[in-house]
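To be precise, the following lines are my_file.cif, and they hold mmCIF, C-alpha atoms and all ligand atoms.
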```cif
data_input
loop_
_atom_site.label_atom_id
_atom_site.label_comp_id
_atom_site.auth_asym_id
_atom_site.auth_seq_id
_atom_site.Cartn_x
_atom_site.Cartn_y
_atom_site.Cartn_z
CA MET A 1 -31.93 202.02 -104.14
CA ALA A 2 -32.60 203.77 -100.86
CA LYS A 3 -28.99 203.77 -99.76
CA PHE A 4 -27.66 206.02 -102.47
CA SER A 5 -30.57 207.45 -104.40
CA GLU A 6 -31.27 210.27 -101.98
CA SER A 7 -27.74 211.60 -102.46
CA ILE A 8 -28.07 211.83 -106.24
CA ASP A 9 -28.09 215.35 -107.61
CA ARG A 10 -26.89 217.25 -110.65
CA THR A 11 -23.26 216.46 -109.80
CA TRP A 12 -23.95 212.79 -110.62
CA THR A 13 -23.34 211.10 -113.97
CA LEU A 14 -25.37 208.38 -115.63
CA PHE A 15 -23.44 205.85 -117.74
CA LEU A 16 -25.69 203.77 -119.98
CA ASP A 17 -24.98 200.65 -121.95
CA ARG A 18 -26.88 200.72 -125.26
CA ASP A 19 -28.03 197.29 -126.51
CA GLY A 20 -30.48 195.70 -124.09
CA VAL A 21 -30.88 198.94 -122.15
CA ILE A 22 -31.92 201.64 -124.64
CA ASN A 23 -32.68 199.47 -127.66
CA GLU A 24 -33.60 195.83 -128.16
CA LYS A 25 -30.62 193.54 -128.25
CA LEU A 26 -30.42 191.30 -131.33
CA ASP A 27 -29.48 187.78 -130.32
CA GLY A 28 -26.31 186.70 -132.08
CA ASP A 29 -26.35 189.76 -134.33
CA TYR A 30 -25.51 193.45 -134.33
CA VAL A 31 -27.64 196.49 -134.98
CA LYS A 32 -26.11 197.42 -138.33
CA GLN A 33 -28.73 199.80 -139.70
CA ILE A 34 -31.54 202.02 -138.49
CA SER A 35 -34.21 199.46 -139.36
CA GLU A 36 -32.66 197.11 -136.79
CA PHE A 37 -32.62 199.74 -134.05
CA LYS A 38 -35.79 199.39 -131.95
CA PHE A 39 -36.15 201.44 -128.80
CA ILE A 40 -37.18 199.38 -125.78
CA ASN A 41 -40.60 200.54 -124.54
CA GLY A 42 -40.22 203.42 -122.14
CA SER A 43 -36.48 203.89 -122.62
CA LYS A 44 -36.80 207.35 -124.20
CA GLU A 45 -39.07 208.54 -121.41
CA ALA A 46 -36.73 207.01 -118.85
CA ILE A 47 -33.78 208.98 -120.24
CA ARG A 48 -35.82 212.18 -120.25
CA LYS A 49 -36.75 211.63 -116.60
CA MET A 50 -33.19 210.83 -115.64
CA ASN A 51 -31.93 213.96 -117.42
CA GLU A 52 -33.75 215.87 -114.68
CA ILE A 53 -31.87 213.95 -112.00
CA PHE A 54 -28.33 213.55 -113.39
CA GLY A 55 -26.06 216.33 -114.61
CA ILE A 56 -24.40 214.29 -117.36
CA THR A 57 -25.62 211.25 -119.31
CA VAL A 58 -23.34 209.25 -121.60
CA VAL A 59 -23.56 205.96 -123.47
CA VAL A 60 -20.70 203.44 -123.43
CA THR A 61 -21.21 200.64 -125.93
CA ASN A 62 -19.14 197.71 -127.20
CA GLN A 63 -19.64 197.41 -130.97
CA GLN A 64 -17.42 194.61 -132.20
CA GLY A 65 -19.62 194.25 -135.28
CA ILE A 66 -17.25 196.90 -136.65
CA GLY A 67 -14.17 194.84 -135.76
CA LYS A 68 -15.84 191.86 -137.44
CA GLU A 69 -16.41 194.01 -140.53
CA LEU A 70 -20.15 193.38 -140.44
CA MET A 71 -20.65 197.12 -140.32
CA THR A 72 -18.58 200.28 -140.63
CA GLU A 73 -17.88 203.27 -138.40
CA ASP A 74 -20.13 205.27 -140.74
CA ASP A 75 -23.00 202.79 -140.29
CA LEU A 76 -22.71 203.25 -136.55
CA LYS A 77 -22.63 207.03 -136.91
CA VAL A 78 -25.91 206.92 -138.82
CA ILE A 79 -27.49 204.70 -136.14
CA HIS A 80 -26.35 206.95 -133.32
CA HIS A 81 -27.50 210.06 -135.15
CA TYR A 82 -30.91 208.41 -135.46
CA MET A 83 -30.92 207.39 -131.79
CA LEU A 84 -30.05 210.90 -130.61
CA SER A 85 -32.61 212.58 -132.91
CA GLU A 86 -35.38 210.23 -131.79
CA LEU A 87 -34.47 210.92 -128.17
CA ALA A 88 -34.45 214.67 -128.80
CA LEU A 89 -38.01 214.41 -130.15
CA GLU A 90 -39.00 213.11 -126.70
CA GLY A 91 -37.00 215.81 -124.94
CA ALA A 92 -34.34 213.29 -123.89
CA LYS A 93 -30.63 213.97 -124.17
CA ILE A 94 -27.43 211.97 -124.20
CA ASP A 95 -24.35 214.17 -123.89
CA LYS A 96 -22.03 211.85 -125.77
CA VAL A 97 -21.90 208.31 -127.13
CA TYR A 98 -18.69 206.30 -126.75
CA HIS A 99 -18.18 203.06 -128.62
CA CYS A 100 -15.48 200.41 -128.81
CA PRO A 101 -15.21 198.83 -132.26
CA ASP A 102 -12.59 196.26 -131.27
CA LEU A 103 -12.89 192.49 -131.29
CA ALA A 104 -13.24 190.78 -127.92
CA GLU A 105 -10.00 188.83 -128.42
CA LYS A 106 -7.98 192.04 -128.70
CA ASN A 107 -8.71 192.81 -125.03
CA SER A 108 -8.67 196.45 -126.03
CA ILE A 109 -8.60 199.08 -123.31
CA CYS A 110 -11.87 200.55 -124.56
CA ARG A 111 -13.84 197.30 -124.57
CA LYS A 112 -15.93 196.71 -121.46
CA PRO A 113 -15.14 195.29 -118.88
CA ASN A 114 -12.06 197.49 -119.46
CA THR A 115 -12.47 201.11 -118.51
CA GLY A 116 -11.23 203.07 -121.53
CA MET A 117 -14.61 204.54 -122.50
CA ALA A 118 -15.29 205.73 -118.95
CA GLU A 119 -11.84 207.33 -118.78
CA GLU A 120 -12.47 208.98 -122.14
CA ALA A 121 -15.74 210.42 -120.87
CA ARG A 122 -14.03 211.82 -117.78
CA LYS A 123 -11.49 213.53 -120.03
CA ASP A 124 -14.31 215.13 -122.04
CA PHE A 125 -16.37 216.04 -118.96
CA PRO A 126 -14.01 216.87 -116.09
CA ALA A 127 -17.03 217.21 -113.78
CA ILE A 128 -17.47 213.42 -113.90
CA ASP A 129 -16.69 211.74 -110.60
CA PHE A 130 -16.90 207.94 -110.83
CA LYS A 131 -17.89 207.74 -107.16
CA SER A 132 -20.92 209.85 -108.05
CA SER A 133 -21.80 207.81 -111.12
CA ILE A 134 -24.11 204.95 -111.94
CA MET A 135 -23.41 202.35 -114.62
CA VAL A 136 -26.55 200.74 -116.04
CA GLY A 137 -26.21 197.65 -118.23
CA ASP A 138 -27.55 194.23 -119.07
CA SER A 139 -24.18 192.43 -119.22
CA ILE A 140 -21.83 191.35 -116.47
CA SER A 141 -19.05 193.20 -118.33
CA ASP A 142 -21.00 196.46 -117.78
CA MET A 143 -21.11 195.76 -114.05
CA GLN A 144 -17.42 194.85 -113.99
CA MET A 145 -16.44 198.04 -115.78
CA GLY A 146 -18.49 200.12 -113.37
CA LYS A 147 -16.97 198.39 -110.34
CA ARG A 148 -13.42 198.80 -111.61
CA VAL A 149 -13.74 202.57 -111.46
CA GLY A 150 -15.88 202.72 -108.31
CA MET A 151 -19.32 203.40 -109.78
CA ILE A 152 -22.63 202.13 -108.44
CA THR A 153 -23.86 199.42 -110.79
CA VAL A 154 -27.42 198.65 -111.82
CA TYR A 155 -28.15 195.48 -113.73
CA ILE A 156 -31.08 195.37 -116.14
CA HIS A 157 -32.71 191.94 -116.14
CA PRO A 158 -36.33 190.97 -116.88
CA ASP A 159 -36.45 188.49 -113.98
CA GLU A 160 -34.55 190.79 -111.65
CA GLU A 161 -31.74 188.33 -110.99
CA LEU A 162 -29.05 190.17 -109.10
CA PRO A 163 -25.54 189.02 -110.06
CA LYS A 164 -22.74 189.38 -107.52
CA GLU A 165 -21.07 192.04 -109.67
CA ALA A 166 -24.07 194.39 -109.42
CA ASP A 167 -25.34 196.58 -106.59
CA TYR A 168 -28.95 196.69 -107.75
CA VAL A 169 -31.20 195.10 -110.33
CA CYS A 170 -34.15 196.55 -112.27
CA LYS A 171 -36.46 195.11 -114.90
CA SER A 172 -35.86 197.98 -117.29
CA LEU A 173 -34.43 201.46 -117.65
CA PHE A 174 -37.98 202.75 -117.30
CA GLU A 175 -38.36 201.04 -113.94
CA LEU A 176 -35.03 202.44 -112.76
CA ALA A 177 -36.12 205.96 -113.71
CA GLU A 178 -39.38 205.50 -111.80
CA VAL A 179 -37.63 204.18 -108.70
CA LEU A 180 -35.07 206.99 -108.70
CA ALA A 181 -37.65 209.71 -109.33
CA GLN A 182 -39.92 208.37 -106.58
CA SER A 183 -37.23 207.99 -103.97
CA LEU A 184 -35.91 211.49 -104.67
CA GLU A 185 -39.39 212.97 -104.45
CA SER A 186 -40.20 211.28 -101.18
CA GLY A 187 -36.71 211.81 -99.80
CA ILE A 188 -36.37 208.15 -98.82
MG MG A 201 -25.99 195.46 -123.44
#
```

Structure re-expressed in structure tokens:
Amino acid sequence: MAKFSESIDRTWTLFLDRDGVINEKLDGDYVKQISEFKFINGSKEAIRKMNEIFGITVVVTNQQGIGKELMTEDDLKVIHHYMLSELALEGAKIDKVYHCPDLAEKNSICRKPNTGMAEEARKDFPAIDFKSSIMVGDSISDMQMGKRVGMITVYIHPDEELPKEADYVCKSLFELAEVLAQSLESGI
């Protein structure tokens, strides 16, 4: 992280994937209700820490469970309301959550690896500069989206396998927050 982390300040934006980064991913299924939404250990604290580093934090999440009609837009709203309230209880904040409900086969502009959600965020927050942004995700499509717009990409993987599409790898969002906070403190 040393190369870029010392230049991070409040002008930077943090883009977070949701499933597998903030909450546990369900294999072969979608989080369709609050009872299926389980925060990954340390992810709330990580977001709180990173709120002190980054000026803006947004979530960009593919949710084709809606396109598949396994859940509705309203179901997702309830889940995201829950996520944001639970984060707020820990003093952690996400400025806005963007989701793409479309099926993979539609190749919709909003579905990662396409860049629609990032573009949408930049419209809402004109201070966003993709060159001063980090995309954190656990899928290659997250890394591809980040790269397409010129972001730094951080891959979340338990065994720290660094794919060619990513700049850095971390075991978890918590570990990333620790690494960033430490390197900023020590000025590495
Ligand atoms: Mg994910």

- Query: Within 8 Å of ligand MG 201 (chain A), counting all atoms listed in the file: which residues, as a list in words?
  - Reply: Asp17, Arg18, Asp19, Gly20, Val21, Lys25, Thr61, Gly137, Asp138, Ser139 and Asp142 of chain A

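Residue nearest Ser183 in chain A, chosen from A:Glu6, A:Glu161, A:Glu69, A:Asp129 and counting only C-alpha atoms: A:Glu6.
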
- When distances are computed from all atoms listed in the file, which of A:Ala118, A:Ile109, A:Val154, A:Ile34 shows the smallest separation from Lys77 in chain A?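 The shortest atom-to-atom distance to Lys77 in chain A comes from A:Ile34.
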
- Choose the residue, out of A:Ile140, A:Met151, A:Cys110, A:Leu87, that has the smallest atom-to-atom separation from Ala46 in chain A; count all atoms listed in the file.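 Closest to Ala46 in chain A of all the choices is A:Leu87.
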
- Message: Could you list, as a ChimeraX atom specification, every residue within 12 Å of Ala88 in chain A, counting all atoms listed in the file and ignoring same-chain residues fewer than 3 positions away?
- Response: /A:44-45,47-48,51,81-85,91-95

Selected residues written out with C-alpha atoms, as an mmCIF file, in the coordinates of the input:
```cif
data_model
loop_
_atom_site.group_PDB
_atom_site.id
_atom_site.type_symbol
_atom_site.label_atom_id
_atom_site.label_comp_id
_atom_site.auth_asym_id
_atom_site.auth_seq_id
_atom_site.Cartn_x
_atom_site.Cartn_y
_atom_site.Cartn_z
ATOM 1 C CA LYS A 44 -36.800 207.350 -124.200
ATOM 2 C CA GLU A 45 -39.070 208.540 -121.410
ATOM 3 C CA ILE A 47 -33.780 208.980 -120.240
ATOM 4 C CA ARG A 48 -35.820 212.180 -120.250
ATOM 5 C CA ASN A 51 -31.930 213.960 -117.420
ATOM 6 C CA HIS A 81 -27.500 210.060 -135.150
ATOM 7 C CA TYR A 82 -30.910 208.410 -135.460
ATOM 8 C CA MET A 83 -30.920 207.390 -131.790
ATOM 9 C CA LEU A 84 -30.050 210.900 -130.610
ATOM 10 C CA SER A 85 -32.610 212.580 -132.910
ATOM 11 C CA GLY A 91 -37.000 215.810 -124.940
ATOM 12 C CA ALA A 92 -34.340 213.290 -123.890
ATOM 13 C CA LYS A 93 -30.630 213.970 -124.170
ATOM 14 C CA ILE A 94 -27.430 211.970 -124.200
ATOM 15 C CA ASP A 95 -24.350 214.170 -123.890
#
```

- May I have the residues within 6 Å of range 172-176 of chain A as a list in words, using all atoms listed in the file and disregarding those fewer than 4 positions away in the same chain?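 The filter keeps Gly42, Ser43, Ala46 and Ile156 of chain A.
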
Give the centre and edge lengths of an axis-aligned box, in Å to one decimal, that holds all listed atoms of range 93-102 of chain A with 6 Å on each side, as lines of an AutoDock Vina configuration file.
```
center_x = -21.6
center_y = 205.2
center_z = -128.1
size_x = 30.0
size_y = 29.9
size_z = 20.4
```

- Message: Can you tell me which residues surround Gly150 in chain A at a distance of at most 8 Å, considering all atoms listed in the file, apart from same-chain residues fewer than 3 positions away, and format the answer as a list in words?
- Response: Phe130, Lys131, Gly146 and Lys147 of chain A

- Query: In Å, with one decimal, what is the gap from CA of Gly65 in chain A to CA of Val169 in chain A?
  - Reply: 27.5 Å

- Query: How many Å lie between CA of Glu86 in chain A and CA of Tyr168 in chain A, rounded to one decimal?
  - Reply: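 CA of Glu86 in chain A sits 28.3 Å away from CA of Tyr168 in chain A.
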
- Item | Closest of A:Lys49, A:Val78, A:Asn62, A:Phe15 to Glu90 in chain A - atom-to-atom distances counting all atoms listed in the file |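 Once distances to Glu90 in chain A are computed over all atoms listed in the file, the minimum belongs to A:Lys49.
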
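The interatomic distance for the pair CA of Ser132 in chain A and CA of Thr57 in chain A works out to 12.3 Å.
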
- Using all atoms listed in the file, the shortest atom-to-atom distance to Leu26 in chain A among A:Val58, A:Ile66, A:Ile40, A:Ile134 belongs to A:Ile40

- Query: Nearest to Ala181 in chain A among A:Asp27, A:Pro113, A:Arg122, A:Met50, with distances taken over only C-alpha atoms: which residue is it?
  - Reply: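 For Ala181 in chain A, the nearest of the candidates is A:Met50.
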
- Task: Extract, using all atoms listed in the file, all DNA, RNA and protein residues at most 9 Å from Leu76 in chain A, discarding same-chain residues fewer than 5 positions from it, and format them as a list of chain:residue names.
- Result: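 Once the nearby chain positions are removed, what remains is A:Val31, A:Lys32, A:Gln33, A:Gln63, A:Ile66, A:Met71, A:His81.
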
- Contact residues around Leu103 in chain A with all atoms listed in the file at 7 Å, ignoring same-chain residues under 5 positions, as a ChimeraX atom specification: /A:64,67-68

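For the point (-19.0, 205.8, -129.6) in file coordinates, the residues within 8 Å, using all atoms listed in the file, are Val59, Val60, Thr61, Lys96, Val97, Tyr98, His99 and Cys100 of chain A.
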